[in-house]
Amino acid sequence: MTFITGGAYQGKTEFAINNFEFFEREIADGSAEIEILLSAKCIRNFENFVYAVTESGRNAVTAAEAILSQNPDVVIIMNEVGGGIIPLERSERKKREAAGQTGCMLAEKAETVVRLVCGIPTVLKGKL
Amino acid sequence: MFVLITGGCKNGKSRIAEKILTAYDVPNMPRFYVATMEPFGSEAAEAIARHRKIREGKNFTTIEKYTDISEIKLPQDSGVLLECICNLCANEMFSANEKSPVPKIIRGIETLINYTEIFVAVTNQVGSDGVKYSPETMAYIKQMGLLNNRLAELADVVIEAVFGIPVLLKGDLPKCLC
């Protein structure tokens, strides 16, 4: 599994398309049905999956691990979302915390972790 | 030479930028500071005063330009520090009503680069936040992301300031920072 992260609009999806063998139409959004996520070559906006799972009261880390066990070669793209002010709303805090925890798990399990800033990739773990 | 400095708020971007421009050693190179922040309210006034103090004695001529930076006229082979892209982008979007300001700002930067020996631009990372803001703010975050990606493509050197530490993302780290 490859994990690509970075802030919003930093060129993450473009980087994935240019460096892996899939087309834009083969990329699923994190908000897609679970069946789609289990077979997708790439999942972007993975934070949407984390938010939906968290809203339903389940553990996002466990749910994400379930995807990885069935789809071990997936490329996961998730926004870095912990950089701002802690949200006032409790539900927003929970979702943001879940994204951080899920990101740590993904980075730990990934062979390669890449972070994009201004469209420039930095390999944080492994090799491209 | 075009150097782009990015990073979060109050991470030492200006100091790094000023150091690069001050250390860039071309005899008699005129140095200009292009300030894009509209002085609205006391916090802007404080920020402006703080940045002026940092620049004291460094022989910068300050040019205040909040939108349409391509209109700035400079002598050839100048040294320019533009601060900052995030204010410029906000001014173009919300004062000048430019919904997609990226091409206009890029044209402005390219125009200024033509006058310069060295051009240093300070920008900001604004999209690493999980909270959904108003549609206007989300549009701004998107335009800032697209703009930064485009600027980084044009730049010879890209540096991310992390708590004052320059982290090199592209090109060679200027000697004054080594």
# chains A, B, ... in the order shown; residues from 1 in each chain; ligands from 1
$ interface_residues --of "chain A" --to "chain B" --cutoff "12 Å" --atoms "only C-alpha atoms" --output "ChimeraX atom specification"
/A:5-12,14-15,45,47-48,50-51,78-100,115-123
$ write_last_selection --atoms "N, CA and C atoms" --output "compact mmCIF listing (two decimals), in the first residue's frame"
# COMPACT_ATOMS: atom_id res chain seq x y z
N THR A 5 -0.10 11.94 1.15
CA THR A 5 -0.78 12.93 1.97
C THR A 5 -0.28 14.34 1.64
N GLY A 6 -0.76 15.31 2.39
CA GLY A 6 -0.46 16.73 2.15
C GLY A 6 -1.74 17.53 2.30
N GLY A 7 -1.62 18.85 2.29
CA GLY A 7 -2.80 19.70 2.45
C GLY A 7 -3.70 19.64 1.22
N ALA A 8 -4.81 20.35 1.30
CA ALA A 8 -5.76 20.39 0.18
C ALA A 8 -5.13 21.07 -1.03
N TYR A 9 -5.42 20.55 -2.23
CA TYR A 9 -4.98 21.16 -3.50
C TYR A 9 -3.47 21.32 -3.58
N GLN A 10 -2.73 20.31 -3.19
CA GLN A 10 -1.27 20.37 -3.29
C GLN A 10 -0.75 19.47 -4.42
N GLY A 11 -1.68 18.92 -5.22
CA GLY A 11 -1.27 18.10 -6.36
C GLY A 11 -1.15 16.62 -6.04
N LYS A 12 -1.86 16.13 -5.04
CA LYS A 12 -1.74 14.73 -4.60
C LYS A 12 -2.27 13.76 -5.66
N GLU A 14 -2.85 14.31 -8.89
CA GLU A 14 -2.05 14.40 -10.10
C GLU A 14 -0.76 13.59 -9.94
N PHE A 15 -0.15 13.69 -8.77
CA PHE A 15 1.06 12.94 -8.49
C PHE A 15 0.79 11.43 -8.59
N ASN A 45 -9.43 11.42 -1.19
CA ASN A 45 -10.29 11.99 -0.14
C ASN A 45 -10.64 10.92 0.89
N GLU A 47 -10.23 10.88 3.84
CA GLU A 47 -10.82 11.45 5.06
C GLU A 47 -12.34 11.38 5.04
N ASN A 48 -12.95 11.36 3.82
CA ASN A 48 -14.41 11.23 3.73
C ASN A 48 -14.88 9.88 4.28
N VAL A 50 -13.21 8.14 6.55
CA VAL A 50 -12.97 8.24 7.99
C VAL A 50 -14.12 9.00 8.67
N TYR A 51 -14.54 10.11 8.05
CA TYR A 51 -15.61 10.92 8.65
C TYR A 51 -16.92 10.13 8.72
N MET A 78 -4.98 10.89 1.31
CA MET A 78 -5.77 11.53 2.37
C MET A 78 -5.21 12.90 2.68
N ASN A 79 -6.09 13.88 2.80
CA ASN A 79 -5.67 15.24 3.15
C ASN A 79 -5.10 15.28 4.56
N GLU A 80 -4.10 16.11 4.71
CA GLU A 80 -3.63 16.44 6.05
C GLU A 80 -4.66 17.40 6.63
N VAL A 81 -5.29 17.05 7.71
CA VAL A 81 -6.38 17.90 8.20
C VAL A 81 -6.21 18.37 9.64
N GLY A 82 -5.07 18.10 10.23
CA GLY A 82 -4.91 18.45 11.65
C GLY A 82 -4.17 19.75 11.90
N GLY A 83 -4.03 20.57 10.84
CA GLY A 83 -3.14 21.73 10.96
C GLY A 83 -3.77 22.99 11.52
N GLY A 84 -5.07 23.02 11.61
CA GLY A 84 -5.70 24.29 12.03
C GLY A 84 -6.03 24.33 13.51
N ILE A 85 -6.98 25.17 13.83
CA ILE A 85 -7.45 25.32 15.21
C ILE A 85 -8.35 24.13 15.54
N ILE A 86 -8.29 23.66 16.77
CA ILE A 86 -9.17 22.57 17.20
C ILE A 86 -10.62 23.06 17.07
N PRO A 87 -11.46 22.33 16.33
CA PRO A 87 -12.83 22.82 16.12
C PRO A 87 -13.64 22.88 17.41
N LEU A 88 -14.55 23.83 17.49
CA LEU A 88 -15.39 23.99 18.68
C LEU A 88 -16.38 22.84 18.81
N GLU A 89 -16.87 22.37 17.64
CA GLU A 89 -17.90 21.33 17.59
C GLU A 89 -17.30 19.97 17.96
N ARG A 90 -17.92 19.27 18.93
CA ARG A 90 -17.38 17.99 19.37
C ARG A 90 -17.29 16.96 18.23
N SER A 91 -18.35 16.91 17.40
CA SER A 91 -18.37 15.92 16.31
C SER A 91 -17.23 16.20 15.32
N GLU A 92 -16.95 17.48 15.07
CA GLU A 92 -15.85 17.86 14.17
C GLU A 92 -14.51 17.44 14.78
N ARG A 93 -14.38 17.62 16.07
CA ARG A 93 -13.13 17.22 16.75
C ARG A 93 -12.90 15.74 16.61
N LYS A 94 -13.99 14.96 16.82
CA LYS A 94 -13.88 13.50 16.76
C LYS A 94 -13.45 13.04 15.37
N LYS A 95 -14.02 13.66 14.34
CA LYS A 95 -13.70 13.25 12.96
C LYS A 95 -12.25 13.59 12.63
N ARG A 96 -11.82 14.73 13.10
CA ARG A 96 -10.46 15.19 12.81
C ARG A 96 -9.45 14.31 13.55
N GLU A 97 -9.78 13.96 14.78
CA GLU A 97 -8.90 13.06 15.55
C GLU A 97 -8.82 11.70 14.87
N ALA A 98 -9.98 11.22 14.39
CA ALA A 98 -10.00 9.92 13.72
C ALA A 98 -9.13 9.95 12.46
N ALA A 99 -9.13 11.09 11.77
CA ALA A 99 -8.31 11.22 10.55
C ALA A 99 -6.83 11.13 10.93
N GLY A 100 -6.45 11.77 12.02
CA GLY A 100 -5.05 11.72 12.47
C GLY A 100 -4.65 10.30 12.83
N ARG A 115 4.54 12.91 0.87
CA ARG A 115 3.80 14.12 1.25
C ARG A 115 4.04 15.19 0.20
N LEU A 116 2.97 15.85 -0.23
CA LEU A 116 3.11 16.90 -1.24
C LEU A 116 2.90 18.28 -0.65
N VAL A 117 3.83 19.19 -0.97
CA VAL A 117 3.71 20.60 -0.61
C VAL A 117 3.95 21.40 -1.89
N CYS A 118 3.02 22.23 -2.26
CA CYS A 118 3.13 23.03 -3.51
C CYS A 118 3.39 22.13 -4.72
N GLY A 119 2.79 20.96 -4.74
CA GLY A 119 2.98 20.05 -5.87
C GLY A 119 4.29 19.29 -5.85
N ILE A 120 5.13 19.54 -4.84
CA ILE A 120 6.44 18.89 -4.77
C ILE A 120 6.38 17.71 -3.79
N PRO A 121 6.74 16.50 -4.29
CA PRO A 121 6.67 15.35 -3.40
C PRO A 121 7.90 15.22 -2.52
N THR A 122 7.70 14.86 -1.28
CA THR A 122 8.80 14.46 -0.39
C THR A 122 8.49 13.04 0.06
N VAL A 123 9.42 12.12 -0.16
CA VAL A 123 9.20 10.74 0.27
C VAL A 123 9.53 10.65 1.76
$ select_by_dssp --residues "range 2-117 of chain A" --states "strand (DSSP E or B)" --output "PyMOL selection string"
chain A and resi 2-6+27-29+42-44+75-79+82+112-117
$ closest_residue --among "A:Asn18, A:Asn71, A:Ser31, A:Thr112" --to "Phe49 in chain A" --atoms "only C-alpha atoms"
A:Ser31
$ atom_distance --atom1 "CA of Val80 in chain B" --atom2 "CA of Pro39 in chain B"
20.6 Å
$ residues_around --residues "Arg44 in chain A" --least-positions-apart "3" --cutoff "6 Å" --atoms "only C-alpha atoms" --output "mmCIF file with C-alpha atoms, in the first residue's frame"
data_model
loop_
_atom_site.group_PDB
_atom_site.id
_atom_site.type_symbol
_atom_site.label_atom_id
_atom_site.label_comp_id
_atom_site.auth_asym_id
_atom_site.auth_seq_id
_atom_site.Cartn_x
_atom_site.Cartn_y
_atom_site.Cartn_z
ATOM 1 C CA ASP A 29 -13.636 8.831 -3.608
ATOM 2 C CA GLY A 30 -13.546 7.966 0.089
ATOM 3 C CA ILE A 77 -4.719 9.688 -0.748
#
$ closest_residue --among "B:Ile48, B:Val162, B:Ala121, B:Ile109" --to "Leu82 in chain B" --atoms "only C-alpha atoms"
B:Ala121
$ select_by_dssp --residues "range 8-178 of chain B" --states "helix (DSSP H, G or I)" --output "ChimeraX atom specification"
/B:13-23,41-55,69-71,85-95,102-115,135-154,175-177
$ residues_around --residues "Glu21 in chain A" --least-positions-apart "4" --cutoff "12 Å" --atoms "only C-alpha atoms" --output "JSON, numbers by chain"
{"A": [15, 16, 17, 25, 26, 27, 41, 42, 73, 74, 75]}
$ atom_distance --atom1 "CA of Lys125 in chain A" --atom2 "CA of Thr2 in chain A"
9.8 Å
$ residues_around --residues "Ala17 in chain B" --least-positions-apart "4" --cutoff "9 Å" --atoms "only C-alpha atoms" --output "PDB file with N, CA and C atoms, in the first residue's frame"
ATOM      1  N   VAL B   3      12.945  32.391  -5.955  1.00  0.00           N
ATOM      2  CA  VAL B   3      12.882  31.569  -4.743  1.00  0.00           C
ATOM      3  C   VAL B   3      11.494  31.707  -4.135  1.00  0.00           C
ATOM      4  N   LEU B   4      10.837  30.579  -3.895  1.00  0.00           N
ATOM      5  CA  LEU B   4       9.513  30.579  -3.258  1.00  0.00           C
ATOM      6  C   LEU B   4       9.656  30.033  -1.842  1.00  0.00           C
ATOM      7  N   ILE B   5       9.127  30.804  -0.875  1.00  0.00           N
ATOM      8  CA  ILE B   5       9.182  30.368   0.521  1.00  0.00           C
ATOM      9  C   ILE B   5       7.762  30.102   0.995  1.00  0.00           C
ATOM     10  N   GLY B  12       8.683  31.886  10.427  1.00  0.00           N
ATOM     11  CA  GLY B  12       9.985  32.455  10.070  1.00  0.00           C
ATOM     12  C   GLY B  12      10.209  32.601   8.576  1.00  0.00           C
ATOM     13  N   LYS B  13       9.105  32.644   7.793  1.00  0.00           N
ATOM     14  CA  LYS B  13       9.236  32.753   6.339  1.00  0.00           C
ATOM     15  C   LYS B  13       9.902  34.079   5.941  1.00  0.00           C
ATOM     16  N   LEU B  21      17.616  37.592   0.257  1.00  0.00           N
ATOM     17  CA  LEU B  21      17.743  38.784  -0.589  1.00  0.00           C
ATOM     18  C   LEU B  21      18.911  39.664  -0.135  1.00  0.00           C
ATOM     19  N   THR B  22      19.113  39.762   1.175  1.00  0.00           N
ATOM     20  CA  THR B  22      20.210  40.581   1.697  1.00  0.00           C
ATOM     21  C   THR B  22      21.557  39.967   1.336  1.00  0.00           C
ATOM     22  N   LEU B  81      11.592  41.293  -2.989  1.00  0.00           N
ATOM     23  CA  LEU B  81      10.918  40.396  -2.047  1.00  0.00           C
ATOM     24  C   LEU B  81       9.448  40.754  -2.068  1.00  0.00           C
ATOM     25  N   VAL B 120      12.206  36.902  -4.680  1.00  0.00           N
ATOM     26  CA  VAL B 120      11.826  36.010  -3.577  1.00  0.00           C
ATOM     27  C   VAL B 120      10.360  36.277  -3.248  1.00  0.00           C
ATOM     28  N   ALA B 121       9.543  35.237  -3.240  1.00  0.00           N
ATOM     29  CA  ALA B 121       8.129  35.404  -2.902  1.00  0.00           C
ATOM     30  C   ALA B 121       7.801  34.557  -1.684  1.00  0.00           C
ATOM     31  N   VAL B 122       7.055  35.166  -0.772  1.00  0.00           N
ATOM     32  CA  VAL B 122       6.601  34.446   0.418  1.00  0.00           C
ATOM     33  C   VAL B 122       5.138  34.076   0.225  1.00  0.00           C
TER      34      VAL B 122
END
$ atom_distance --atom1 "CA of Pro101 in chain B" --atom2 "CA of Phe119 in chain B"
20.3 Å
$ residues_around --residues "Lys10 in chain B" --least-positions-apart "5" --cutoff "12 Å" --atoms "only C-alpha atoms" --output "list of chain:residue names"
B:Arg15, B:Ile16, B:Ala47, B:Arg50, B:His51, B:Val122, B:Thr123, B:Asn124, B:Gln125, B:Ala161, B:Val162, B:Phe163, B:Gly164, B:Ile165
$ decode --residues "range 48-65 of chain B" --atoms "N, CA, C and O atoms" --output "tab-separated table (two decimals), in the first residue's frame"
chain	number	residue	atom	x	y	z
B	48	ILE	N	2.51	44.90	9.90
B	48	ILE	CA	3.28	45.78	9.01
B	48	ILE	C	4.43	46.41	9.80
B	48	ILE	O	5.58	46.45	9.34
B	49	ALA	N	4.14	46.88	11.02
B	49	ALA	CA	5.18	47.50	11.86
B	49	ALA	C	6.29	46.49	12.18
B	49	ALA	O	7.48	46.82	12.12
B	50	ARG	N	5.90	45.25	12.46
B	50	ARG	CA	6.88	44.22	12.81
B	50	ARG	C	7.81	43.93	11.62
B	50	ARG	O	9.02	43.86	11.77
B	51	HIS	N	7.18	43.80	10.44
B	51	HIS	CA	7.98	43.50	9.25
B	51	HIS	C	8.88	44.68	8.87
B	51	HIS	O	9.99	44.49	8.41
B	52	ARG	N	8.39	45.93	9.11
B	52	ARG	CA	9.22	47.11	8.81
B	52	ARG	C	10.46	47.10	9.69
B	52	ARG	O	11.55	47.42	9.25
B	53	LYS	N	10.27	46.71	10.96
B	53	LYS	CA	11.38	46.69	11.91
B	53	LYS	C	12.44	45.67	11.46
B	53	LYS	O	13.63	45.96	11.50
B	54	ILE	N	11.97	44.50	11.00
B	54	ILE	CA	12.92	43.48	10.53
B	54	ILE	C	13.73	44.02	9.34
B	54	ILE	O	14.90	43.73	9.20
B	55	ARG	N	13.08	44.83	8.51
B	55	ARG	CA	13.75	45.33	7.29
B	55	ARG	C	14.63	46.56	7.51
B	55	ARG	O	15.37	46.95	6.63
B	56	GLU	N	14.50	47.16	8.73
B	56	GLU	CA	15.24	48.40	9.03
B	56	GLU	C	16.72	48.26	8.71
B	56	GLU	O	17.34	47.26	9.04
B	57	GLY	N	17.28	49.28	8.09
B	57	GLY	CA	18.72	49.31	7.83
B	57	GLY	C	19.17	48.36	6.73
B	57	GLY	O	20.35	48.18	6.51
B	58	LYS	N	18.22	47.70	6.05
B	58	LYS	CA	18.62	46.75	5.01
B	58	LYS	C	18.46	47.34	3.61
B	58	LYS	O	18.61	46.63	2.61
B	59	ASN	N	18.15	48.65	3.55
B	59	ASN	CA	18.05	49.35	2.27
B	59	ASN	C	17.04	48.78	1.29
B	59	ASN	O	17.32	48.62	0.11
B	60	PHE	N	15.88	48.46	1.81
B	60	PHE	CA	14.79	48.06	0.92
B	60	PHE	C	13.93	49.29	0.62
B	60	PHE	O	13.65	50.07	1.51
B	61	THR	N	13.51	49.44	-0.62
B	61	THR	CA	12.50	50.43	-0.94
B	61	THR	C	11.16	49.70	-0.94
B	61	THR	O	10.99	48.70	-1.63
B	62	THR	N	10.22	50.21	-0.15
B	62	THR	CA	8.93	49.52	-0.05
B	62	THR	C	7.95	50.03	-1.11
B	62	THR	O	7.80	51.23	-1.32
B	63	ILE	N	7.32	49.08	-1.79
B	63	ILE	CA	6.26	49.40	-2.76
B	63	ILE	C	5.00	48.72	-2.26
B	63	ILE	O	4.99	47.51	-2.06
B	64	GLU	N	3.96	49.48	-2.02
B	64	GLU	CA	2.70	48.87	-1.59
B	64	GLU	C	1.81	48.67	-2.81
B	64	GLU	O	1.52	49.61	-3.53
B	65	LYS	N	1.45	47.41	-3.03
B	65	LYS	CA	0.60	47.11	-4.20
B	65	LYS	C	-0.28	45.93	-3.79
B	65	LYS	O	0.20	44.84	-3.51
